[in-house]
$ cat upload.cif   # mmCIF, C-alpha atoms
data_start
loop_
_atom_site.label_atom_id
_atom_site.label_comp_id
_atom_site.auth_asym_id
_atom_site.auth_seq_id
_atom_site.Cartn_x
_atom_site.Cartn_y
_atom_site.Cartn_z
CA MET A 57 -9.17 51.24 -0.03
CA THR A 58 -9.63 48.79 -2.85
CA LYS A 59 -7.70 45.54 -2.52
CA VAL A 60 -7.02 43.18 -5.39
CA ILE A 61 -7.65 39.58 -4.39
CA SER A 62 -7.29 36.41 -6.40
CA THR A 63 -9.73 33.70 -5.45
CA ILE A 64 -9.74 30.26 -6.97
CA THR A 65 -10.27 26.64 -5.96
CA MET A 66 -7.41 24.20 -6.29
CA SER A 67 -7.01 20.49 -5.61
CA VAL A 68 -4.53 19.24 -3.02
CA ASP A 69 -2.20 18.49 -5.94
CA GLY A 70 -2.42 22.09 -7.07
CA CYS A 71 -4.75 21.98 -10.07
CA VAL A 72 -7.71 24.21 -10.95
CA ALA A 73 -8.91 21.85 -13.69
CA GLY A 74 -8.30 18.17 -14.27
CA PRO A 75 -6.68 16.46 -17.23
CA ASP A 76 -8.36 15.99 -20.64
CA GLN A 77 -10.78 18.91 -20.86
CA THR A 78 -13.68 18.14 -23.19
CA LEU A 79 -17.01 19.68 -24.05
CA GLU A 80 -18.68 17.27 -21.64
CA GLU A 81 -16.09 17.96 -18.95
CA PRO A 82 -14.84 21.51 -19.47
CA LEU A 83 -13.02 21.33 -16.14
CA GLY A 84 -11.28 18.11 -17.14
CA ARG A 85 -11.60 14.67 -15.66
CA GLY A 86 -12.74 15.02 -12.08
CA GLY A 87 -12.50 18.81 -12.20
CA GLU A 88 -16.18 19.32 -11.52
CA GLN A 89 -15.58 18.08 -7.97
CA LEU A 90 -13.41 21.11 -7.29
CA HIS A 91 -16.58 23.13 -6.91
CA ASP A 92 -18.60 20.70 -4.85
CA TRP A 93 -17.90 22.86 -1.81
CA ILE A 94 -19.22 26.05 -3.39
CA VAL A 95 -22.35 24.78 -5.10
CA ALA A 96 -23.48 23.34 -1.78
CA THR A 97 -23.44 26.74 -0.12
CA LYS A 98 -26.40 28.98 0.60
CA ALA A 99 -24.32 32.01 -0.47
CA TRP A 100 -23.54 30.57 -3.91
CA ARG A 101 -27.13 29.51 -4.46
CA GLU A 102 -28.41 32.94 -3.45
CA ALA A 103 -26.00 34.61 -5.92
CA HIS A 104 -27.48 32.30 -8.56
CA GLY A 105 -31.04 33.16 -7.59
CA MET A 106 -31.64 29.76 -6.07
CA ASP A 107 -33.14 28.76 -2.75
CA GLY A 108 -31.65 26.35 -0.27
CA GLY A 109 -28.05 25.39 0.24
CA GLU A 110 -26.12 24.99 3.45
CA ASP A 111 -25.40 27.83 5.85
CA SER A 112 -21.99 26.26 6.44
CA ALA A 113 -18.56 27.67 7.32
CA ASP A 114 -17.92 27.64 3.56
CA SER A 115 -21.07 29.61 2.89
CA ARG A 116 -20.30 32.20 5.54
CA ARG A 117 -16.73 32.56 4.22
CA LEU A 118 -18.05 33.04 0.70
CA GLU A 119 -20.76 35.47 1.78
CA LYS A 120 -18.27 37.57 3.72
CA HIS A 121 -15.97 37.63 0.69
CA LEU A 122 -18.70 38.48 -1.78
CA ARG A 123 -19.87 41.43 0.32
CA THR A 124 -16.46 43.07 -0.15
CA ILE A 125 -16.23 42.61 -3.92
CA GLY A 126 -17.21 45.39 -6.30
CA ALA A 127 -15.80 44.08 -9.58
CA THR A 128 -14.44 40.86 -11.06
CA ILE A 129 -11.69 40.17 -13.58
CA MET A 130 -11.50 36.86 -15.43
CA GLY A 131 -9.94 35.31 -18.49
CA ARG A 132 -11.75 34.56 -21.70
CA ARG A 133 -11.63 30.82 -21.16
CA MET A 134 -13.22 31.05 -17.76
CA PHE A 135 -15.86 33.33 -19.24
CA SER A 136 -16.81 30.89 -21.95
CA GLY A 137 -16.24 27.62 -20.19
CA GLY A 138 -12.91 25.98 -20.63
CA ALA A 139 -9.96 25.71 -22.93
CA GLY A 140 -11.31 23.46 -25.68
CA PRO A 141 -12.15 24.27 -29.28
CA TRP A 142 -15.83 24.68 -28.34
CA ALA A 143 -14.89 27.87 -26.53
CA GLU A 144 -12.58 29.31 -29.17
CA ASP A 145 -15.32 31.31 -30.90
CA PRO A 146 -14.38 34.87 -29.90
CA ASN A 147 -18.08 35.65 -29.51
CA ALA A 148 -18.97 32.51 -27.61
CA ALA A 149 -21.68 33.02 -25.03
CA SER A 150 -20.64 32.97 -21.40
CA TRP A 151 -21.26 29.77 -19.51
CA PHE A 152 -22.49 31.91 -16.63
CA GLY A 153 -25.78 32.29 -18.54
CA ASP A 154 -28.28 35.11 -18.88
CA GLU A 155 -28.42 36.03 -15.22
CA PRO A 156 -24.84 35.65 -14.04
CA PRO A 157 -24.07 35.33 -10.34
CA PHE A 158 -21.76 38.36 -10.15
CA HIS A 159 -24.25 41.25 -9.90
CA HIS A 160 -21.47 43.72 -10.61
CA ALA A 161 -19.05 44.75 -13.36
CA VAL A 162 -17.00 41.91 -14.84
CA PHE A 163 -13.92 42.56 -16.98
CA VAL A 164 -12.99 39.77 -19.37
CA LEU A 165 -9.42 39.60 -20.70
CA THR A 166 -9.47 38.70 -24.38
CA HIS A 167 -7.55 39.21 -27.59
CA HIS A 168 -10.73 39.97 -29.55
CA ARG A 169 -12.66 43.20 -29.48
CA ARG A 170 -16.25 42.68 -28.52
CA ASP A 171 -19.11 44.93 -27.48
CA PRO A 172 -19.95 45.16 -23.80
CA GLU A 173 -22.93 43.13 -22.61
CA VAL A 174 -25.45 44.06 -19.98
CA LYS A 175 -26.98 41.02 -18.33
CA GLU A 176 -29.86 40.64 -15.90
CA GLY A 177 -29.29 41.15 -12.21
CA GLY A 178 -26.66 43.86 -12.41
CA THR A 179 -23.84 41.99 -14.14
CA THR A 180 -22.10 43.79 -17.00
CA TYR A 181 -19.36 42.30 -19.15
CA THR A 182 -16.62 44.52 -20.51
CA PHE A 183 -14.10 42.90 -22.83
CA VAL A 184 -10.59 44.20 -22.33
CA THR A 185 -8.04 43.76 -25.10
CA ASP A 186 -5.25 46.00 -23.84
CA GLY A 187 -3.93 43.91 -21.02
CA ILE A 188 -4.18 43.14 -17.35
CA GLU A 189 -3.28 46.60 -16.07
CA SER A 190 -6.01 48.21 -18.12
CA ALA A 191 -8.51 45.65 -16.88
CA LEU A 192 -7.48 46.35 -13.30
CA GLU A 193 -7.74 50.10 -13.75
CA GLN A 194 -11.26 49.74 -15.12
CA ALA A 195 -12.21 47.25 -12.41
CA ARG A 196 -10.91 49.55 -9.68
CA ALA A 197 -13.05 52.38 -11.03
CA ALA A 198 -16.11 50.15 -11.23
CA ALA A 199 -15.57 48.73 -7.75
CA ASP A 200 -15.88 52.23 -6.33
CA GLY A 201 -13.94 51.59 -3.16
CA ARG A 202 -14.84 47.96 -2.77
CA ASP A 203 -12.39 45.17 -3.62
CA VAL A 204 -11.57 43.66 -7.00
CA GLN A 205 -11.40 39.89 -7.35
CA VAL A 206 -9.31 38.09 -9.92
CA ALA A 207 -11.42 34.99 -10.40
CA GLY A 208 -9.27 32.95 -12.77
CA GLY A 209 -8.27 30.96 -14.60
CA ALA A 210 -4.85 29.95 -13.45
CA HIS A 211 -3.02 31.84 -16.18
CA VAL A 212 -4.77 35.09 -15.31
CA VAL A 213 -3.95 34.71 -11.62
CA GLN A 214 -0.33 33.98 -12.56
CA GLN A 215 -0.14 37.12 -14.67
CA TYR A 216 -1.46 39.36 -11.88
CA LEU A 217 0.82 37.69 -9.35
CA ALA A 218 3.89 38.05 -11.59
CA ALA A 219 3.08 41.71 -12.20
CA GLY A 220 2.94 42.39 -8.47
CA LEU A 221 -0.68 43.50 -8.71
CA LEU A 222 -2.25 41.17 -6.14
CA ASP A 223 -2.72 42.37 -2.58
CA GLU A 224 -4.15 39.07 -1.34
CA MET A 225 -4.62 35.53 -2.58
CA GLU A 226 -7.42 33.23 -1.48
CA VAL A 227 -6.85 29.59 -2.27
CA HIS A 228 -9.74 27.24 -1.63
CA VAL A 229 -8.16 23.81 -1.25
CA ALA A 230 -10.65 21.12 -2.22
CA PRO A 231 -10.01 17.72 -0.63
CA LEU A 232 -9.13 15.79 -3.76
CA LEU A 233 -6.32 14.84 -6.09
CA LEU A 234 -6.79 15.38 -9.82
CA GLY A 235 -3.64 13.63 -11.02
CA GLY A 236 -2.77 16.37 -13.50
CA GLY A 237 -4.47 19.14 -15.41
CA VAL A 238 -4.08 22.90 -15.11
CA ARG A 239 -1.81 23.95 -12.28
CA LEU A 240 -2.64 27.12 -10.36
CA PHE A 241 1.02 27.85 -9.75
CA ASP A 242 3.02 27.40 -12.88
CA GLN A 243 5.46 29.57 -14.73
CA LEU A 244 6.04 31.61 -11.58
CA ARG A 245 9.08 33.77 -11.71
CA SER A 246 12.03 32.38 -9.82
CA ASP A 247 11.88 35.17 -7.25
CA PRO A 248 8.25 34.97 -6.20
CA PRO A 249 6.62 37.39 -3.76
CA LYS A 250 6.40 36.59 -0.08
CA LEU A 251 3.13 35.51 1.52
CA GLU A 252 1.78 36.34 4.96
CA PRO A 253 -1.01 34.15 6.28
CA LEU A 254 -4.19 36.13 6.96
CA SER A 255 -6.79 33.49 7.75
CA VAL A 256 -7.72 29.85 7.50
CA VAL A 257 -11.32 28.68 7.38
CA GLU A 258 -11.84 24.95 7.41
CA SER A 259 -14.75 22.69 6.73
CA PRO A 260 -15.12 19.10 5.61
CA ALA A 261 -15.70 20.46 2.10
CA ALA A 262 -12.67 22.71 1.66
CA THR A 263 -9.88 24.59 3.44
CA HIS A 264 -9.88 28.30 2.67
CA LEU A 265 -6.41 29.84 2.88
CA ARG A 266 -5.99 33.57 2.59
CA TYR A 267 -2.59 35.22 2.26
CA ARG A 268 -1.34 38.76 1.96
CA VAL A 269 1.05 39.11 -0.96
CA VAL A 270 4.12 41.12 0.02
CA THR A 271 5.82 42.48 -3.07
CA MET B 457 -3.55 -1.11 13.90
CA THR B 458 -0.59 0.38 12.11
CA LYS B 459 -1.41 3.17 9.69
CA VAL B 460 0.93 4.37 6.97
CA ILE B 461 1.08 8.17 6.85
CA SER B 462 3.05 10.43 4.57
CA THR B 463 4.10 13.68 6.17
CA ILE B 464 5.90 16.42 4.34
CA THR B 465 6.00 20.22 4.15
CA MET B 466 5.04 21.92 0.91
CA SER B 467 4.91 25.53 -0.24
CA VAL B 468 1.63 27.09 -1.34
CA ASP B 469 2.81 26.49 -4.90
CA GLY B 470 3.23 22.81 -4.16
CA CYS B 471 6.99 22.37 -3.82
CA VAL B 472 8.98 20.49 -1.18
CA ALA B 473 12.27 22.06 -2.30
CA GLY B 474 13.04 25.22 -4.21
CA PRO B 475 14.81 25.63 -7.54
CA ASP B 476 18.58 25.26 -8.04
CA GLN B 477 19.63 22.88 -5.28
CA THR B 478 23.27 23.36 -4.33
CA LEU B 479 25.60 22.23 -1.58
CA GLU B 480 24.99 25.53 0.20
CA GLU B 481 21.23 25.28 -0.32
CA PRO B 482 20.37 21.58 -0.48
CA LEU B 483 16.67 22.47 -0.34
CA GLY B 484 17.03 24.87 -3.25
CA ARG B 485 16.60 28.61 -3.35
CA GLY B 486 14.28 29.61 -0.52
CA GLY B 487 13.60 25.98 0.40
CA GLU B 488 15.04 26.34 3.87
CA GLN B 489 12.05 28.51 4.77
CA LEU B 490 9.77 25.50 4.30
CA HIS B 491 10.91 24.26 7.67
CA ASP B 492 10.77 27.52 9.60
CA TRP B 493 7.56 26.32 11.20
CA ILE B 494 9.05 23.07 12.48
CA VAL B 495 12.43 24.27 13.75
CA ALA B 496 10.60 26.83 15.90
CA THR B 497 8.67 24.15 17.75
CA LYS B 498 9.38 22.79 21.19
CA ALA B 499 8.55 19.27 19.93
CA TRP B 500 11.14 19.41 17.14
CA ARG B 501 13.80 20.82 19.45
CA GLU B 502 13.10 18.12 22.04
CA ALA B 503 13.48 15.42 19.39
CA HIS B 504 16.84 17.00 18.55
CA GLY B 505 17.90 17.09 22.19
CA MET B 506 17.59 20.86 22.36
CA ASP B 507 15.91 23.07 24.93
CA GLY B 508 13.48 25.85 24.19
CA GLY B 509 11.19 26.29 21.25
CA GLU B 510 7.58 27.36 21.15
CA ASP B 511 4.75 25.32 22.64
CA SER B 512 2.62 26.39 19.69
CA ALA B 513 -0.24 24.78 17.79
CA ASP B 514 2.43 23.54 15.39
CA SER B 515 4.43 22.01 18.22
CA ARG B 516 1.42 20.29 19.73
CA ARG B 517 0.41 18.93 16.29
CA LEU B 518 3.90 17.61 15.75
CA GLU B 519 4.16 16.14 19.23
CA LYS B 520 0.82 14.35 18.83
CA HIS B 521 1.97 12.97 15.50
CA LEU B 522 5.38 11.85 16.75
CA ARG B 523 3.80 9.96 19.65
CA THR B 524 2.00 7.71 17.17
CA ILE B 525 5.01 6.91 14.97
CA GLY B 526 7.02 3.73 15.46
CA ALA B 527 9.10 3.72 12.26
CA THR B 528 10.08 6.02 9.42
CA ILE B 529 10.69 5.43 5.72
CA MET B 530 12.64 7.92 3.63
CA GLY B 531 14.47 8.14 0.33
CA ARG B 532 18.24 8.14 -0.02
CA ARG B 533 18.34 11.79 -1.01
CA MET B 534 16.46 12.90 2.06
CA PHE B 535 18.77 10.74 4.16
CA SER B 536 21.91 12.33 2.80
CA GLY B 537 20.73 15.86 2.21
CA GLY B 538 19.47 16.71 -1.22
CA ALA B 539 19.71 15.73 -4.84
CA GLY B 540 23.11 17.20 -5.79
CA PRO B 541 26.34 15.45 -6.67
CA TRP B 542 27.57 15.98 -3.10
CA ALA B 543 25.03 13.42 -1.97
CA GLU B 544 25.61 10.86 -4.70
CA ASP B 545 28.22 8.92 -2.74
CA PRO B 546 26.30 5.73 -1.88
CA ASN B 547 27.94 5.74 1.53
CA ALA B 548 27.43 9.44 2.24
CA ALA B 549 26.78 10.21 5.87
CA SER B 550 23.26 11.22 6.83
CA TRP B 551 22.63 14.90 7.28
CA PHE B 552 20.64 13.99 10.37
CA GLY B 553 23.95 13.60 12.21
CA ASP B 554 25.18 11.29 14.93
CA GLU B 555 22.13 11.58 17.18
CA PRO B 556 19.23 11.71 14.74
CA PRO B 557 15.85 13.04 15.85
CA PHE B 558 13.89 9.88 15.02
CA HIS B 559 14.60 7.68 18.05
CA HIS B 560 13.19 4.67 16.22
CA ALA B 561 13.87 2.44 13.21
CA VAL B 562 14.39 4.30 9.93
CA PHE B 563 14.29 2.51 6.58
CA VAL B 564 16.17 4.21 3.77
CA LEU B 565 15.26 3.34 0.17
CA THR B 566 18.41 3.06 -1.92
CA HIS B 567 19.85 1.23 -4.89
CA HIS B 568 23.09 0.44 -3.07
CA ARG B 569 23.57 -2.24 -0.45
CA ARG B 570 24.91 -0.85 2.77
CA ASP B 571 25.29 -2.14 6.29
CA PRO B 572 22.75 -1.06 8.88
CA GLU B 573 23.80 1.70 11.25
CA VAL B 574 22.93 2.09 14.91
CA LYS B 575 22.99 5.71 16.01
CA GLU B 576 22.70 7.31 19.42
CA GLY B 577 19.31 7.91 20.96
CA GLY B 578 17.53 4.87 19.58
CA THR B 579 17.67 5.59 15.85
CA THR B 580 18.70 2.71 13.58
CA TYR B 581 19.14 2.98 9.83
CA THR B 582 18.33 0.01 7.63
CA PHE B 583 19.07 0.38 3.92
CA VAL B 584 16.47 -1.27 1.74
CA THR B 585 17.35 -2.16 -1.84
CA ASP B 586 14.39 -4.33 -2.78
CA GLY B 587 11.69 -1.71 -3.08
CA ILE B 588 8.98 0.21 -1.29
CA GLU B 589 6.87 -2.79 -0.31
CA SER B 590 9.79 -4.47 1.37
CA ALA B 591 10.63 -1.27 3.22
CA LEU B 592 7.04 -0.98 4.39
CA GLU B 593 6.93 -4.58 5.54
CA GLN B 594 10.07 -4.07 7.60
CA ALA B 595 8.83 -0.73 8.95
CA ARG B 596 5.51 -2.26 9.98
CA ALA B 597 7.32 -4.97 11.90
CA ALA B 598 9.59 -2.44 13.58
CA ALA B 599 6.70 -0.12 14.43
CA ASP B 600 5.15 -2.91 16.51
CA GLY B 601 1.59 -1.62 16.30
CA ARG B 602 2.40 2.04 16.09
CA ASP B 603 2.20 3.97 12.81
CA VAL B 604 4.71 4.19 10.00
CA GLN B 605 5.53 7.57 8.51
CA VAL B 606 6.73 8.10 4.97
CA ALA B 607 8.82 11.22 5.46
CA GLY B 608 9.85 11.98 1.88
CA GLY B 609 11.11 13.13 -0.40
CA ALA B 610 8.43 13.86 -2.93
CA HIS B 611 9.28 10.94 -5.18
CA VAL B 612 9.03 8.47 -2.32
CA VAL B 613 5.65 9.85 -1.26
CA GLN B 614 4.49 9.63 -4.89
CA GLN B 615 5.56 6.00 -5.11
CA TYR B 616 3.68 5.00 -1.95
CA LEU B 617 0.63 6.97 -3.06
CA ALA B 618 0.66 5.42 -6.55
CA ALA B 619 0.99 1.94 -5.06
CA GLY B 620 -2.06 2.50 -2.87
CA LEU B 621 -0.01 1.97 0.28
CA LEU B 622 -0.81 5.22 2.12
CA ASP B 623 -3.64 5.29 4.64
CA GLU B 624 -3.27 8.99 5.37
CA MET B 625 -1.40 12.02 4.04
CA GLU B 626 -0.35 14.97 6.14
CA VAL B 627 0.59 18.04 4.14
CA HIS B 628 2.10 20.93 6.07
CA VAL B 629 1.46 23.99 3.90
CA ALA B 630 4.11 26.63 4.59
CA PRO B 631 3.05 30.20 3.81
CA LEU B 632 5.40 30.86 0.93
CA LEU B 633 5.87 30.56 -2.80
CA LEU B 634 9.05 28.96 -4.11
CA GLY B 635 8.54 29.70 -7.79
CA GLY B 636 9.60 26.24 -8.87
CA GLY B 637 11.62 23.32 -7.58
CA VAL B 638 10.54 19.83 -6.59
CA ARG B 639 6.78 19.33 -6.68
CA LEU B 640 5.18 17.11 -4.06
CA PHE B 641 2.50 16.00 -6.50
CA ASP B 642 3.98 15.13 -9.81
CA GLN B 643 3.73 12.10 -12.02
CA LEU B 644 0.51 11.09 -10.29
CA ARG B 645 -1.47 8.50 -12.11
CA SER B 646 -4.42 9.91 -14.00
CA ASP B 647 -6.89 8.14 -11.74
CA PRO B 648 -5.65 9.25 -8.33
CA PRO B 649 -7.12 8.01 -5.06
CA LYS B 650 -9.83 9.96 -3.28
CA LEU B 651 -9.10 12.00 -0.19
CA GLU B 652 -11.25 12.52 2.88
CA PRO B 653 -10.38 15.44 5.12
CA LEU B 654 -9.47 14.34 8.63
CA SER B 655 -8.21 17.49 10.31
CA VAL B 656 -6.87 20.99 9.81
CA VAL B 657 -4.56 22.64 12.29
CA GLU B 658 -3.66 26.24 11.56
CA SER B 659 -1.10 28.63 12.86
CA PRO B 660 0.64 31.70 11.50
CA ALA B 661 3.57 29.43 10.64
CA ALA B 662 1.83 26.68 8.67
CA THR B 663 -1.48 25.00 7.89
CA HIS B 664 -1.47 21.30 8.65
CA LEU B 665 -3.86 19.34 6.45
CA ARG B 666 -4.49 15.68 7.11
CA TYR B 667 -6.42 13.47 4.72
CA ARG B 668 -7.48 9.85 4.66
CA VAL B 669 -6.52 8.23 1.38
CA VAL B 670 -9.37 6.13 0.02
CA THR B 671 -8.05 3.61 -2.47
#
$ encode --input "upload.cif" --output "structure tokens"
Amino acid sequence: MTKVISTITMSVDGCVAGPDQTLEEPLGRGGEQLHDWIVATKAWREAHGMDGGEDSADSRRLEKHLRTIGATIMGRRMFSGGAGPWAEDPNAASWFGDEPPFHHAVFVLTHHRRDPEVKEGGTTYTFVTDGIESALEQARAAADGRDVQVAGGAHVVQQYLAAGLLDEMEVHVAPLLLGGGVRLFDQLRSDPPKLEPLSVVESPAATHLRYRVVT
Amino acid sequence: MTKVISTITMSVDGCVAGPDQTLEEPLGRGGEQLHDWIVATKAWREAHGMDGGEDSADSRRLEKHLRTIGATIMGRRMFSGGAGPWAEDPNAASWFGDEPPFHHAVFVLTHHRRDPEVKEGGTTYTFVTDGIESALEQARAAADGRDVQVAGGAHVVQQYLAAGLLDEMEVHVAPLLLGGGVRLFDQLRSDPPKLEPLSVVESPAATHLRYRVVT
């Protein structure tokens, strides 16, 4: 049965992007380091059509996760690379490029209607303007029995969590402090859901915490 | 050589106390659950002069940590049980009771002069009014080669971190969301220190992350 899983990397101080996002640093000051763990992995490089990378605990965790995923949901800012004015063009290209690493259907939450895009390597982008439940319904259908991942950003994860639509959360804790920026957990309702620990995978590069969300 | 280690339990959403602290719930709504992991341990119960408890991974982690600690620093609110008006009396008794679990010298940061207190079981309280560096100097001397722990609350940990005085941070991540409250990492400077992962200990009750702070 399809599960809905959020998966996002956060700093030890709880941020998914650092302070002062700019065109040069769309993830804010220091935010690029959040993803050091993932870009080093064999699994990430393979998804990007690249050789090499480490067959590490991180890579095996990622590979195992990716095998289960049939569709991805993300916000418009994640799609087009950050929260700055450079990404405010409603038709801005995706920063995931012409051959995105997803290789499945991706549903982008946006306020602007936009035609679907078919990219190389099996990734399709569908732009969803009628809310998170619609996006999830479409993603479930596309996933065809596999799981749906909610990939970010923080505000999108918060919306799915608040709506009680997440079955599991995976938080990749990167070993760094950002000193501010975009918090993963913000604006939670005062009566948040319970969590049950499912697994911990550790490496020098990140600690991967997975929880079941009990609503 | 003495190391200075902060050690505190935080929710997955980064809080060390929940919202709406009251006399009945000095740790805020749901905050009591933060410490479910520790009160279940054999090591914690032994420190409190109680039998029983689980000889779990959590207990062994705690026991190993406690063996290294020769002195503790804490804030006045932690000492007297929360941030509410009930604890604002500068001479309020400690909520750790007449036989506190520390069994060593404890230095309490406060704005009010107060005579030292000698408790049963080897715990002494010294009230420090001239700042965090003075408290650390006194704690180092008292620790006599063992380590000094900065036990909280959040604001005290933040002050030691900002001043570059922490050698290590231990963050016990409890598997719950609090939906608000007192954040462990708040008001960090925009150029925070780097962290190096030292160890991860996991259990169903908590994930214990220890980092070296590289200043």
$ atom_distance --input "upload.cif" --atom1 "CA of Ala595 (chain B)" --atom2 "CA of Gly526 (chain B)"
8.1 Å
$ closest_residue --input "upload.cif" --among "B:Thr663, B:Thr585, B:Ser515, B:Ser590" --to "chain A" --atoms "only C-alpha atoms"
B:Thr663
$ residues_around --input "upload.cif" --residues "Pro475 (chain B)" --least-positions-apart "2" --cutoff "9 Å" --atoms "all atoms listed in the file" --output "JSON, numbers by chain"
{"A": [246], "B": [473, 477, 483, 484, 485, 486, 487, 634, 635, 636, 637, 638]}
$ write_last_selection --input "upload.cif" --atoms "C-alpha atoms" --output "mmCIF file, in the frame of the given file"
data_model
loop_
_atom_site.group_PDB
_atom_site.id
_atom_site.type_symbol
_atom_site.label_atom_id
_atom_site.label_comp_id
_atom_site.auth_asym_id
_atom_site.auth_seq_id
_atom_site.Cartn_x
_atom_site.Cartn_y
_atom_site.Cartn_z
ATOM 1 C CA SER A 246 12.030 32.380 -9.820
ATOM 2 C CA ALA B 473 12.270 22.060 -2.300
ATOM 3 C CA GLN B 477 19.630 22.880 -5.280
ATOM 4 C CA LEU B 483 16.670 22.470 -0.340
ATOM 5 C CA GLY B 484 17.030 24.870 -3.250
ATOM 6 C CA ARG B 485 16.600 28.610 -3.350
ATOM 7 C CA GLY B 486 14.280 29.610 -0.520
ATOM 8 C CA GLY B 487 13.600 25.980 0.400
ATOM 9 C CA LEU B 634 9.050 28.960 -4.110
ATOM 10 C CA GLY B 635 8.540 29.700 -7.790
ATOM 11 C CA GLY B 636 9.600 26.240 -8.870
ATOM 12 C CA GLY B 637 11.620 23.320 -7.580
ATOM 13 C CA VAL B 638 10.540 19.830 -6.590
#
$ closest_atom_pairs --input "upload.cif" --of "region 464-535 of chain B" --to "region 605-609 of chain B" --cutoff "8 Å" --atoms "all atoms listed in the file" --output "CSV"
residue,atom,partner,partner_atom,distance
B:Ile464,CA,B:Ala607,CA,6.1
B:Val472,CA,B:Gly609,CA,7.7
B:Ile525,CA,B:Gln605,CA,6.5
B:Ala527,CA,B:Gln605,CA,6.5
B:Thr528,CA,B:Gln605,CA,4.9
B:Ile529,CA,B:Val606,CA,4.8
B:Met530,CA,B:Gly608,CA,5.2
B:Gly531,CA,B:Gly609,CA,6.1
B:Arg533,CA,B:Gly609,CA,7.4
B:Met534,CA,B:Gly609,CA,5.9
$ write_last_selection --input "upload.cif" --atoms "C-alpha atoms" --output "short mmCIF file (atom, residue, chain, number, x, y, z; two decimals), in the coordinates of the input"
data_model
loop_
_atom_site.label_atom_id
_atom_site.label_comp_id
_atom_site.auth_asym_id
_atom_site.auth_seq_id
_atom_site.Cartn_x
_atom_site.Cartn_y
_atom_site.Cartn_z
CA ILE B 464 5.90 16.42 4.34
CA VAL B 472 8.98 20.49 -1.18
CA ILE B 525 5.01 6.91 14.97
CA ALA B 527 9.10 3.72 12.26
CA THR B 528 10.08 6.02 9.42
CA ILE B 529 10.69 5.43 5.72
CA MET B 530 12.64 7.92 3.63
CA GLY B 531 14.47 8.14 0.33
CA ARG B 533 18.34 11.79 -1.01
CA MET B 534 16.46 12.90 2.06
#
$ residues_around --input "upload.cif" --residues "Pro648 (chain B)" --least-positions-apart "2" --cutoff "12 Å" --atoms "all atoms listed in the file" --output "ChimeraX atom specification"
/A:67-69,74-75,85-86,232-236 /B:614,617-620,641-646,650-651,669-671
$ resolve_selection --input "upload.cif" --expression "the PyMOL selection byres ((chain A and resi 141-151) around 9)" --output "list in words"
Thr78, Leu79, Arg132, Arg133, Met134, Phe135, Ser136, Gly137, Gly138, Ala139, Gly140, Phe152, Gly153, Asp154, Pro156, Thr166, His167, His168, Arg169 and Arg170 of chain A
$ atom_distance --input "upload.cif" --atom1 "CA of His159 (chain A)" --atom2 "CA of Arg123 (chain A)"
11.1 Å
$ resolve_selection --input "upload.cif" --expression "the PyMOL selection byres ((chain B and resi 561) around 7)" --output "MDAnalysis selection string"
chainID B and resid 527:528 560 562:563 579:581 598
$ residues_around --input "upload.cif" --residues "Trp93 (chain A)" --least-positions-apart "2" --cutoff "7 Å" --atoms "all atoms listed in the file" --output "PDB file with C-alpha atoms, in the frame of the given file"
ATOM      1  CA  HIS A  91     -16.580  23.130  -6.910  1.00  0.00           C
ATOM      2  CA  VAL A  95     -22.350  24.780  -5.100  1.00  0.00           C
ATOM      3  CA  ALA A  96     -23.480  23.340  -1.780  1.00  0.00           C
ATOM      4  CA  THR A  97     -23.440  26.740  -0.120  1.00  0.00           C
ATOM      5  CA  ALA A 261     -15.700  20.460   2.100  1.00  0.00           C
ATOM      6  CA  ALA A 262     -12.670  22.710   1.660  1.00  0.00           C
TER       7      ALA A 262
END
$ atom_distance --input "upload.cif" --atom1 "CA of His628 (chain B)" --atom2 "CA of Leu122 (chain A)"
28.3 Å
